[in-house]
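Text of entry-v5.cif, listed as mmCIF, C-alpha atoms:
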data_work
#
loop_
_atom_site.group_PDB
_atom_site.id
_atom_site.type_symbol
_atom_site.label_atom_id
_atom_site.label_comp_id
_atom_site.auth_asym_id
_atom_site.auth_seq_id
_atom_site.Cartn_x
_atom_site.Cartn_y
_atom_site.Cartn_z
ATOM 1 C CA MET A 419 7.425 27.708 60.723
ATOM 2 C CA LYS A 420 4.744 25.049 61.224
ATOM 3 C CA THR A 421 2.441 26.960 58.873
ATOM 4 C CA MET A 422 5.141 27.028 56.172
ATOM 5 C CA ARG A 423 5.745 23.267 56.579
ATOM 6 C CA TRP A 424 2.041 22.530 56.038
ATOM 7 C CA ALA A 425 2.016 24.858 53.031
ATOM 8 C CA LEU A 426 4.923 22.939 51.500
ATOM 9 C CA ILE A 427 3.156 19.631 52.144
ATOM 10 C CA LEU A 428 -0.022 20.908 50.493
ATOM 11 C CA ILE A 429 1.972 22.121 47.483
ATOM 12 C CA ALA A 430 3.677 18.731 47.168
ATOM 13 C CA LEU A 431 0.347 16.896 47.379
ATOM 14 C CA ALA A 432 -1.111 19.196 44.742
ATOM 15 C CA ALA A 433 1.859 18.542 42.450
ATOM 16 C CA LEU A 434 1.423 14.791 42.888
ATOM 17 C CA ALA A 435 -2.266 15.076 42.075
ATOM 18 C CA VAL A 436 -1.572 17.111 38.929
ATOM 19 C CA GLY A 437 1.100 14.637 37.874
ATOM 20 C CA ALA A 438 -1.226 11.699 38.403
ATOM 21 C CA LEU A 439 -3.941 13.435 36.385
ATOM 22 C CA TYR A 440 -1.503 14.158 33.558
ATOM 23 C CA TRP A 441 -0.387 10.550 33.267
ATOM 24 C CA ARG A 442 -3.988 9.442 33.563
ATOM 25 C CA LEU A 443 -4.844 11.565 30.506
ATOM 26 C CA HIS A 444 -1.640 11.296 28.484
ATOM 27 C CA GLY A 445 0.342 8.303 29.634
ATOM 28 C CA LEU A 446 -0.126 4.545 29.723
ATOM 29 C CA PRO A 447 -3.061 3.532 31.955
ATOM 30 C CA ALA A 448 -1.582 2.637 35.334
ATOM 31 C CA ALA A 449 -4.016 -0.221 35.854
ATOM 32 C CA ALA A 450 -3.318 -1.887 32.522
ATOM 33 C CA PRO A 451 -1.593 -5.244 33.093
ATOM 34 C CA ALA A 452 1.605 -5.951 31.178
ATOM 35 C CA ALA A 453 -0.103 -8.780 29.284
ATOM 36 C CA ALA A 454 -2.704 -6.348 27.922
ATOM 37 C CA LEU A 455 0.056 -4.226 26.385
ATOM 38 C CA ALA A 456 1.913 -7.139 24.791
ATOM 39 C CA GLY A 457 2.178 -6.361 21.106
ATOM 40 C CA ALA A 458 0.690 -2.876 21.536
ATOM 41 C CA LYS A 459 2.027 -0.279 19.117
ATOM 42 C CA VAL A 460 2.303 3.490 18.935
ATOM 43 C CA THR A 461 2.345 5.374 15.635
ATOM 44 C CA ILE A 462 4.605 8.409 15.303
ATOM 45 C CA TRP A 463 5.738 10.582 12.398
ATOM 46 C CA GLN A 464 9.457 11.369 12.335
ATOM 47 C CA CYS A 465 11.837 13.212 10.006
ATOM 48 C CA SER A 466 14.417 10.876 8.461
ATOM 49 C CA MET A 467 16.926 13.756 8.195
ATOM 50 C CA HIS A 468 16.205 15.295 11.612
ATOM 51 C CA PRO A 469 15.202 12.447 13.992
ATOM 52 C CA ASN A 470 14.533 14.903 16.809
ATOM 53 C CA VAL A 471 11.488 16.152 14.874
ATOM 54 C CA ILE A 472 8.674 13.855 16.037
ATOM 55 C CA GLN A 473 4.915 14.281 16.243
ATOM 56 C CA ASP A 474 1.826 12.119 16.659
ATOM 57 C CA HIS A 475 0.243 13.075 13.303
ATOM 58 C CA PRO A 476 1.359 13.440 9.649
ATOM 59 C CA GLY A 477 3.130 16.608 8.588
ATOM 60 C CA ILE A 478 6.353 18.095 7.261
ATOM 61 C CA CYS A 479 9.658 18.796 8.937
ATOM 62 C CA PRO A 480 9.990 22.512 9.867
ATOM 63 C CA ILE A 481 13.737 22.308 9.155
ATOM 64 C CA CYS A 482 14.050 20.535 5.770
ATOM 65 C CA HIS A 483 10.352 20.604 4.742
ATOM 66 C CA MET A 484 10.362 16.886 3.909
ATOM 67 C CA ASP A 485 7.298 14.728 4.651
ATOM 68 C CA LEU A 486 7.543 13.038 8.026
ATOM 69 C CA GLU A 487 7.745 9.245 7.821
ATOM 70 C CA GLU A 488 5.269 7.011 9.658
ATOM 71 C CA ARG A 489 6.842 4.660 12.215
ATOM 72 C CA GLN A 490 5.494 2.013 14.572
ATOM 73 C CA LEU A 491 7.016 1.796 18.059
ATOM 74 C CA ASP A 492 6.462 -0.780 20.783
ATOM 75 C CA ALA A 493 4.386 0.480 23.711
ATOM 76 C CA ASP A 494 7.330 -0.031 26.083
ATOM 77 C CA ASP A 495 9.737 2.000 23.945
ATOM 78 C CA PRO A 496 11.383 4.734 26.095
ATOM 79 C CA LEU A 497 10.467 7.314 23.448
ATOM 80 C CA VAL A 498 6.778 6.455 23.889
ATOM 81 C CA LYS A 499 6.973 7.081 27.614
ATOM 82 C CA ARG A 500 8.978 10.279 27.178
ATOM 83 C CA LEU A 501 6.432 11.725 24.734
ATOM 84 C CA GLY A 502 3.460 10.514 26.765
ATOM 85 C CA LEU A 503 1.860 8.727 23.789
ATOM 86 C CA LYS A 504 -0.935 6.180 24.069
ATOM 87 C CA PRO A 505 -0.502 2.708 22.572
ATOM 88 C CA ILE A 506 -2.869 1.182 20.070
ATOM 89 C CA LEU A 507 -3.905 -2.094 21.651
ATOM 90 C CA PRO A 508 -4.032 -5.051 19.243
ATOM 91 C CA GLN A 509 -7.422 -5.620 17.629
ATOM 92 C CA ASP A 510 -8.903 -8.950 16.691
ATOM 93 C CA ASP A 511 -8.393 -8.085 13.030
ATOM 94 C CA ALA A 512 -4.678 -7.387 13.678
ATOM 95 C CA VAL A 513 -4.523 -4.179 11.627
ATOM 96 C CA PRO A 514 -3.051 -1.424 13.832
ATOM 97 C CA GLY A 515 -5.053 1.781 13.839
ATOM 98 C CA LYS A 516 -8.135 0.237 12.221
ATOM 99 C CA ALA A 517 -11.195 -1.482 13.704
ATOM 100 C CA SER A 518 -14.208 -3.449 12.537
ATOM 101 C CA PHE A 519 -17.581 -1.677 12.506
ATOM 102 C CA THR A 520 -21.148 -2.045 11.258
ATOM 103 C CA LEU A 521 -23.053 0.057 8.708
ATOM 104 C CA SER A 522 -26.807 0.174 8.311
ATOM 105 C CA PRO A 523 -28.182 -0.627 4.816
ATOM 106 C CA GLU A 524 -29.253 3.020 4.476
ATOM 107 C CA ARG A 525 -25.797 4.337 5.361
ATOM 108 C CA ARG A 526 -24.134 1.835 3.051
ATOM 109 C CA GLN A 527 -26.310 2.946 0.136
ATOM 110 C CA LEU A 528 -25.755 6.617 0.924
ATOM 111 C CA ILE A 529 -21.947 6.405 0.668
ATOM 112 C CA GLY A 530 -22.041 4.058 -2.342
ATOM 113 C CA VAL A 531 -20.383 0.955 -0.936
ATOM 114 C CA ALA A 532 -19.903 -1.885 -3.443
ATOM 115 C CA SER A 533 -18.211 -5.243 -2.978
ATOM 116 C CA GLU A 534 -17.351 -8.380 -4.923
ATOM 117 C CA THR A 535 -16.555 -11.997 -4.171
ATOM 118 C CA VAL A 536 -12.878 -12.962 -4.227
ATOM 119 C CA THR A 537 -12.297 -15.580 -6.937
ATOM 120 C CA ALA A 538 -9.487 -16.964 -9.066
ATOM 121 C CA GLN A 539 -9.569 -15.119 -12.387
ATOM 122 C CA ALA A 540 -7.443 -15.097 -15.512
ATOM 123 C CA MET A 541 -4.828 -12.354 -15.258
ATOM 124 C CA SER A 542 -2.438 -10.847 -17.747
ATOM 125 C CA ARG A 543 -0.056 -7.921 -17.952
ATOM 126 C CA THR A 544 1.220 -5.912 -20.864
ATOM 127 C CA LEU A 545 4.922 -5.250 -21.407
ATOM 128 C CA ARG A 546 5.669 -1.992 -23.226
ATOM 129 C CA LEU A 547 9.067 -1.963 -24.927
ATOM 130 C CA PRO A 548 10.672 1.103 -26.549
ATOM 131 C CA GLY A 549 12.169 0.314 -29.929
ATOM 132 C CA VAL A 550 13.476 1.616 -33.236
ATOM 133 C CA ALA A 551 12.458 0.503 -36.732
ATOM 134 C CA LYS A 552 15.148 -0.944 -38.963
ATOM 135 C CA GLY A 553 13.417 -0.883 -42.301
ATOM 136 C CA GLY A 554 10.083 -2.257 -43.449
ATOM 137 C CA THR A 555 9.383 -5.057 -40.995
ATOM 138 C CA LEU A 556 12.146 -5.210 -38.387
ATOM 139 C CA VAL A 557 12.128 -3.511 -34.970
ATOM 140 C CA LEU A 558 14.883 -3.599 -32.343
ATOM 141 C CA ALA A 559 13.426 -3.075 -28.860
ATOM 142 C CA GLN A 560 14.687 -3.062 -25.267
ATOM 143 C CA LEU A 561 13.479 -5.280 -22.430
ATOM 144 C CA ALA A 562 14.047 -3.855 -18.921
ATOM 145 C CA GLU A 563 16.312 -5.789 -16.548
ATOM 146 C CA GLN A 564 13.505 -6.435 -14.038
ATOM 147 C CA ASP A 565 11.527 -8.243 -16.773
ATOM 148 C CA ALA A 566 14.339 -10.662 -17.627
ATOM 149 C CA GLY A 567 12.963 -14.015 -18.728
ATOM 150 C CA ALA A 568 9.484 -12.655 -19.489
ATOM 151 C CA LEU A 569 9.849 -12.904 -23.285
ATOM 152 C CA LYS A 570 10.718 -15.727 -25.619
ATOM 153 C CA PRO A 571 10.715 -16.116 -29.416
ATOM 154 C CA GLY A 572 7.324 -16.809 -30.933
ATOM 155 C CA LEU A 573 5.233 -14.566 -28.679
ATOM 156 C CA LYS A 574 2.756 -12.306 -30.440
ATOM 157 C CA ALA A 575 3.112 -8.542 -30.146
ATOM 158 C CA GLN A 576 1.702 -5.263 -31.427
ATOM 159 C CA LEU A 577 3.833 -2.463 -32.883
ATOM 160 C CA LEU A 578 2.619 1.122 -32.439
ATOM 161 C CA GLY A 579 3.925 4.003 -34.523
ATOM 162 C CA PRO A 580 4.354 7.706 -33.631
ATOM 163 C CA GLN A 581 1.068 8.667 -35.314
ATOM 164 C CA GLY A 582 -0.984 5.881 -33.777
ATOM 165 C CA GLN A 583 -0.280 3.341 -36.538
ATOM 166 C CA SER A 584 -0.261 -0.313 -35.518
ATOM 167 C CA VAL A 585 0.614 -3.693 -36.950
ATOM 168 C CA SER A 586 0.825 -7.229 -35.602
ATOM 169 C CA ALA A 587 4.279 -8.627 -34.962
ATOM 170 C CA THR A 588 6.170 -11.600 -33.548
ATOM 171 C CA VAL A 589 9.097 -11.766 -31.141
ATOM 172 C CA ARG A 590 11.986 -13.260 -33.132
ATOM 173 C CA SER A 591 14.913 -13.043 -30.717
ATOM 174 C CA VAL A 592 15.837 -12.082 -27.163
ATOM 175 C CA ASP A 593 19.468 -11.373 -26.254
ATOM 176 C CA ALA A 594 20.917 -13.668 -23.609
ATOM 177 C CA SER A 595 23.304 -11.009 -22.262
ATOM 178 C CA LEU A 596 22.435 -7.772 -20.475
ATOM 179 C CA ASP A 597 23.609 -4.423 -21.817
ATOM 180 C CA GLY A 598 25.583 -3.071 -18.881
ATOM 181 C CA LEU A 599 25.045 0.558 -19.932
ATOM 182 C CA THR A 600 21.260 0.586 -20.462
ATOM 183 C CA ARG A 601 20.514 -2.385 -18.163
ATOM 184 C CA THR A 602 18.282 -3.882 -20.852
ATOM 185 C CA PHE A 603 18.116 -6.937 -23.112
ATOM 186 C CA GLY A 604 17.852 -6.488 -26.861
ATOM 187 C CA VAL A 605 14.667 -7.872 -28.438
ATOM 188 C CA GLY A 606 14.092 -8.361 -32.169
ATOM 189 C CA LEU A 607 10.542 -8.246 -33.549
ATOM 190 C CA SER A 608 9.242 -8.574 -37.086
ATOM 191 C CA ALA A 609 6.004 -7.060 -38.372
ATOM 192 C CA ALA A 610 3.478 -9.360 -40.019
ATOM 193 C CA LEU A 611 3.371 -7.032 -43.057
ATOM 194 C CA ALA A 612 5.776 -4.380 -44.332
ATOM 195 C CA GLN A 613 4.667 -0.886 -43.337
ATOM 196 C CA PRO A 614 5.676 2.394 -44.993
ATOM 197 C CA TRP A 615 5.830 4.089 -41.589
ATOM 198 C CA LEU A 616 8.396 1.549 -40.309
ATOM 199 C CA ARG A 617 11.251 3.560 -41.777
ATOM 200 C CA ASP A 618 14.783 3.363 -40.407
ATOM 201 C CA GLY A 619 15.119 5.275 -37.150
ATOM 202 C CA VAL A 620 11.397 5.679 -36.451
ATOM 203 C CA TYR A 621 10.600 5.222 -32.759
ATOM 204 C CA VAL A 622 8.179 2.366 -32.117
ATOM 205 C CA GLU A 623 6.502 0.918 -29.035
ATOM 206 C CA ALA A 624 6.162 -2.849 -28.913
ATOM 207 C CA ARG A 625 3.426 -4.262 -26.676
ATOM 208 C CA VAL A 626 3.417 -7.893 -25.585
ATOM 209 C CA GLU A 627 0.573 -9.272 -23.486
ATOM 210 C CA LEU A 628 1.700 -11.949 -21.051
ATOM 211 C CA SER A 629 -0.756 -14.450 -19.603
ATOM 212 C CA LEU A 630 -0.408 -14.966 -15.849
ATOM 213 C CA GLY A 631 -2.980 -17.760 -15.665
ATOM 214 C CA LYS A 632 -5.746 -17.928 -13.075
ATOM 215 C CA ARG A 633 -4.916 -16.268 -9.772
ATOM 216 C CA LEU A 634 -6.841 -15.263 -6.666
ATOM 217 C CA SER A 635 -7.242 -11.550 -7.228
ATOM 218 C CA VAL A 636 -9.214 -8.379 -6.502
ATOM 219 C CA PRO A 637 -9.494 -5.015 -8.314
ATOM 220 C CA GLU A 638 -6.461 -2.817 -7.652
ATOM 221 C CA ASP A 639 -8.779 -0.077 -6.353
ATOM 222 C CA ALA A 640 -9.918 -2.396 -3.553
ATOM 223 C CA VAL A 641 -6.488 -2.212 -1.887
ATOM 224 C CA ILE A 642 -5.542 0.671 0.398
ATOM 225 C CA ASP A 643 -1.779 1.134 0.592
ATOM 226 C CA THR A 644 -0.749 2.918 3.807
ATOM 227 C CA GLY A 645 2.954 2.762 2.999
ATOM 228 C CA LEU A 646 3.560 0.305 5.842
ATOM 229 C CA ARG A 647 0.939 -2.255 4.834
ATOM 230 C CA GLN A 648 -1.742 -3.082 2.266
ATOM 231 C CA VAL A 649 -5.289 -3.357 3.577
ATOM 232 C CA LEU A 650 -8.620 -4.672 2.260
ATOM 233 C CA PHE A 651 -12.032 -4.412 3.889
ATOM 234 C CA VAL A 652 -13.967 -7.666 4.069
ATOM 235 C CA GLU A 653 -17.766 -7.465 4.201
ATOM 236 C CA LYS A 654 -19.262 -9.816 6.763
ATOM 237 C CA GLU A 655 -22.871 -10.710 7.545
ATOM 238 C CA GLY A 656 -25.045 -8.060 9.144
ATOM 239 C CA GLY A 657 -23.322 -5.128 7.440
ATOM 240 C CA ARG A 658 -20.067 -5.555 9.354
ATOM 241 C CA PHE A 659 -16.784 -4.477 7.741
ATOM 242 C CA GLU A 660 -13.488 -5.954 8.856
ATOM 243 C CA PRO A 661 -10.008 -4.621 7.939
ATOM 244 C CA ARG A 662 -7.514 -7.214 6.715
ATOM 245 C CA GLN A 663 -3.819 -6.846 6.059
ATOM 246 C CA VAL A 664 -2.909 -8.652 2.830
ATOM 247 C CA SER A 665 0.162 -9.723 0.886
ATOM 248 C CA LEU A 666 0.107 -8.915 -2.820
ATOM 249 C CA GLY A 667 1.558 -10.664 -5.865
ATOM 250 C CA GLU A 668 1.340 -9.880 -9.576
ATOM 251 C CA HIS A 669 -0.453 -6.831 -10.989
ATOM 252 C CA GLY A 670 -2.238 -6.990 -14.322
ATOM 253 C CA ASN A 671 -5.274 -5.804 -16.307
ATOM 254 C CA GLY A 672 -6.511 -3.678 -13.383
ATOM 255 C CA ARG A 673 -6.321 -6.480 -10.848
ATOM 256 C CA VAL A 674 -3.832 -7.563 -8.202
ATOM 257 C CA GLU A 675 -3.051 -11.051 -6.954
ATOM 258 C CA ILE A 676 -3.770 -11.856 -3.291
ATOM 259 C CA LEU A 677 -1.167 -14.134 -1.735
ATOM 260 C CA GLN A 678 -2.350 -13.954 1.858
ATOM 261 C CA GLY A 679 -5.013 -12.257 3.976
ATOM 262 C CA VAL A 680 -8.332 -13.164 2.354
ATOM 263 C CA ALA A 681 -9.757 -16.419 1.052
ATOM 264 C CA ALA A 682 -11.745 -17.336 -2.021
ATOM 265 C CA GLY A 683 -15.444 -16.761 -1.447
ATOM 266 C CA GLU A 684 -15.063 -13.777 0.895
ATOM 267 C CA ARG A 685 -16.452 -10.422 -0.202
ATOM 268 C CA VAL A 686 -14.227 -7.322 -0.315
ATOM 269 C CA VAL A 687 -15.133 -3.661 -0.657
ATOM 270 C CA THR A 688 -14.399 -2.289 -4.139
ATOM 271 C CA GLN A 689 -16.013 1.176 -3.964
ATOM 272 C CA ALA A 690 -16.082 3.859 -1.233
ATOM 273 C CA ASN A 691 -12.943 2.252 0.235
ATOM 274 C CA PHE A 692 -11.542 5.498 1.635
ATOM 275 C CA LEU A 693 -14.812 6.369 3.360
ATOM 276 C CA ILE A 694 -14.861 2.882 4.862
ATOM 277 C CA ASP A 695 -11.220 3.295 5.893
ATOM 278 C CA SER A 696 -11.947 6.661 7.541
ATOM 279 C CA GLU A 697 -14.771 5.126 9.577
ATOM 280 C CA SER A 698 -12.513 2.212 10.564
ATOM 281 C CA ARG A 699 -9.770 4.562 11.784
ATOM 282 C CA PHE A 700 -12.330 6.664 13.664
ATOM 283 C CA GLN A 701 -13.704 3.602 15.433
ATOM 284 C CA ALA A 702 -10.174 2.483 16.352
ATOM 285 C CA ALA A 703 -9.485 5.927 17.851
ATOM 286 C CA VAL A 704 -12.743 5.844 19.838
ATOM 287 C CA GLN A 705 -11.797 2.476 21.307
ATOM 288 C CA GLN A 706 -8.647 3.995 22.825
ATOM 289 C CA PHE A 707 -10.650 6.325 25.086
#
With the file now loaded, output its structure as C-alpha cells.
Amino acid sequence: MKTMRWALILIALAALAVGALYWRLHGLPAAAPAAALAGAKVTIWQCSMHPNVIQDHPGICPICHMDLEERQLDADDPLVKRLGLKPILPQDDAVPGKASFTLSPERRQLIGVASETVTAQAMSRTLRLPGVAKGGTLVLAQLAEQDAGALKPGLKAQLLGPQGQSVSATVRSVDASLDGLTRTFGVGLSAALAQPWLRDGVYVEARVELSLGKRLSVPEDAVIDTGLRQVLFVEKEGGRFEPRQVSLGEHGNGRVEILQGVAAGERVVTQANFLIDSESRFQAAVQQF
C-alpha cells in the first residue's frame, strides 16, 4: 500500500513537471510581470463563417474553403490562454509583428534596396468617365457617386474613341441631381473640333486630370498593405531599417499621400520592400524566443 502511495505521488509530480514544461514552452512566461504584457497582442487567423476554425498562421477554412481572416487579440484574452499562444510584446516602433534591424552595405546592394526622401510633391489623379457621343462634338458621360463635386464646368478633358482616336474637350455641364438608378451624375462635354468618329451612339471615354496640389507623398509601391495596417520602412543612419505604421490620403499619378507616420526629410524604402518586410518579421519572431 505504501509503495502504491509513493508511486501515485511520483506520477503526480511527473505530471506537474510536464505541465510546467508545456506552459514554459507554449504559454505566457510565468515570470513576466503584468506591466510587461500591457498592450501585448496575439495574431490569429479565424474563419468568419466558422469561428471555431482558428490557427496561428494564414490558411483556408477546411469547411467552407474561404481564406482565414487575420485578427489581433489582447494577450489576456481567454482564447489566447486556451490555445496556448504567445503574445507579441510591443516594439519601440509600435508595429505588431515587425521589428527594426540593420543591413550591411553589401547585403543592401545584393537585395537591391533603394530609398527616397519624403517630400511634398505635386499630385494629380485622372478621372475616367464612360460616355456616349451625341453627334459631332457632344458627349454625355457619367460621373460616379463617390466622385461627386470633383468636376465643374470649364475643366479640360480628353475624349478617347473605340479605335484609339482622341480629341481635346471641355466640361460644359454637371448635373446637380444624382441618378438613383445608376448612382451617377450626368456630365456634358464638348469636343474642341468636330470628329467623324463621334457619331451618335459611339462609346467614348472622357479623361479629366484633377490637380491635388502639393502633398507629402511617397511612391505607392513603398507602402505594404497587410490588410490591418499600412506600413513603410524608414531608413535610418548606419543601415538600420525601422517599420512605421502610416495613415494614407489621396492616391494619384503613382503616388500616395502620407497623412501620419513619417515626416518630410525622412527616407523610405521604395524597392525590395517585401524582402525588407520578411527580414523585419523574422527579427520580430526571433525576439519572442
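Note that CA of Glu684 in chain A and CA of Gln663 in chain A are 14.2 Å apart.
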Around the point (-9.2, -9.7, -10.3) (coordinates from the file), which residues reach within 9 Å if we count only C-alpha atoms? Answer as a PyMOL selection string.
chain A and resi 536-541+633-638+670-675
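Near Ala559 in chain A, within 9 Å and counting all atoms listed in the file, sit Leu547, Pro548, Gly549, Val550, Ala551, Phe603, Gly604, Val605, Gly606, Leu607, Val622, Glu623 and Ala624 of chain A; same-chain residues fewer than 3 positions away were not included.
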Evaluate the PyMOL selection byres ((chain A and resi 625) around 8) against this structure - the residues, as a ChimeraX atom specification, please.
/A:544-547,575-578,623-624,626-627
May I have the residues within 8 Å of Val687 in chain A as a PyMOL selection string, using all atoms listed in the file and disregarding those fewer than 2 positions away in the same chain?
chain A and resi 531-534+640+650-653+685+689-691
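The space separating CA of Cys482 in chain A from CA of Val498 in chain A comes to 24.1 Å.
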Could you give me range 523-542 of chain A completed to N, CA and C atoms, formatted as a CSV table (one decimal), keeping the file's coordinate frame?
chain,number,residue,atom,x,y,z
A,523,PRO,N,-28.0,-0.6,6.3
A,523,PRO,CA,-28.2,-0.6,4.8
A,523,PRO,C,-28.4,0.8,4.2
A,524,GLU,N,-29.0,1.7,5.0
A,524,GLU,CA,-29.3,3.0,4.5
A,524,GLU,C,-27.9,3.8,4.4
A,525,ARG,N,-27.1,3.7,5.4
A,525,ARG,CA,-25.8,4.3,5.4
A,525,ARG,C,-24.9,3.8,4.3
A,526,ARG,N,-24.9,2.5,4.1
A,526,ARG,CA,-24.1,1.8,3.1
A,526,ARG,C,-24.5,2.4,1.7
A,527,GLN,N,-25.8,2.5,1.4
A,527,GLN,CA,-26.3,2.9,0.1
A,527,GLN,C,-26.0,4.4,-0.1
A,528,LEU,N,-26.0,5.2,1.0
A,528,LEU,CA,-25.8,6.6,0.9
A,528,LEU,C,-24.3,6.9,0.5
A,529,ILE,N,-23.3,6.1,1.0
A,529,ILE,CA,-21.9,6.4,0.7
A,529,ILE,C,-21.5,5.6,-0.5
A,530,GLY,N,-22.4,4.8,-1.1
A,530,GLY,CA,-22.0,4.1,-2.3
A,530,GLY,C,-21.1,2.9,-2.2
A,531,VAL,N,-21.3,2.1,-1.1
A,531,VAL,CA,-20.4,1.0,-0.9
A,531,VAL,C,-20.7,-0.1,-1.9
A,532,ALA,N,-19.7,-0.7,-2.6
A,532,ALA,CA,-19.9,-1.9,-3.4
A,532,ALA,C,-18.8,-2.9,-3.1
A,533,SER,N,-19.2,-4.2,-3.3
A,533,SER,CA,-18.2,-5.2,-3.0
A,533,SER,C,-18.3,-6.4,-4.0
A,534,GLU,N,-17.3,-7.2,-4.0
A,534,GLU,CA,-17.4,-8.4,-4.9
A,534,GLU,C,-16.7,-9.6,-4.2
A,535,THR,N,-17.1,-10.8,-4.7
A,535,THR,CA,-16.6,-12.0,-4.2
A,535,THR,C,-15.2,-12.3,-4.7
A,536,VAL,N,-14.3,-12.6,-3.8
A,536,VAL,CA,-12.9,-13.0,-4.2
A,536,VAL,C,-12.9,-14.3,-4.9
A,537,THR,N,-12.4,-14.3,-6.2
A,537,THR,CA,-12.3,-15.6,-6.9
A,537,THR,C,-11.0,-15.6,-7.7
A,538,ALA,N,-10.7,-16.8,-8.2
A,538,ALA,CA,-9.5,-17.0,-9.1
A,538,ALA,C,-9.9,-16.6,-10.5
A,539,GLN,N,-9.2,-15.6,-11.1
A,539,GLN,CA,-9.6,-15.1,-12.4
A,539,GLN,C,-8.3,-15.1,-13.3
A,540,ALA,N,-8.6,-15.2,-14.6
A,540,ALA,CA,-7.4,-15.1,-15.5
A,540,ALA,C,-6.8,-13.7,-15.4
A,541,MET,N,-5.5,-13.6,-15.3
A,541,MET,CA,-4.8,-12.4,-15.3
A,541,MET,C,-3.8,-12.3,-16.4
A,542,SER,N,-3.5,-11.1,-16.8
A,542,SER,CA,-2.4,-10.8,-17.7
A,542,SER,C,-1.8,-9.5,-17.5
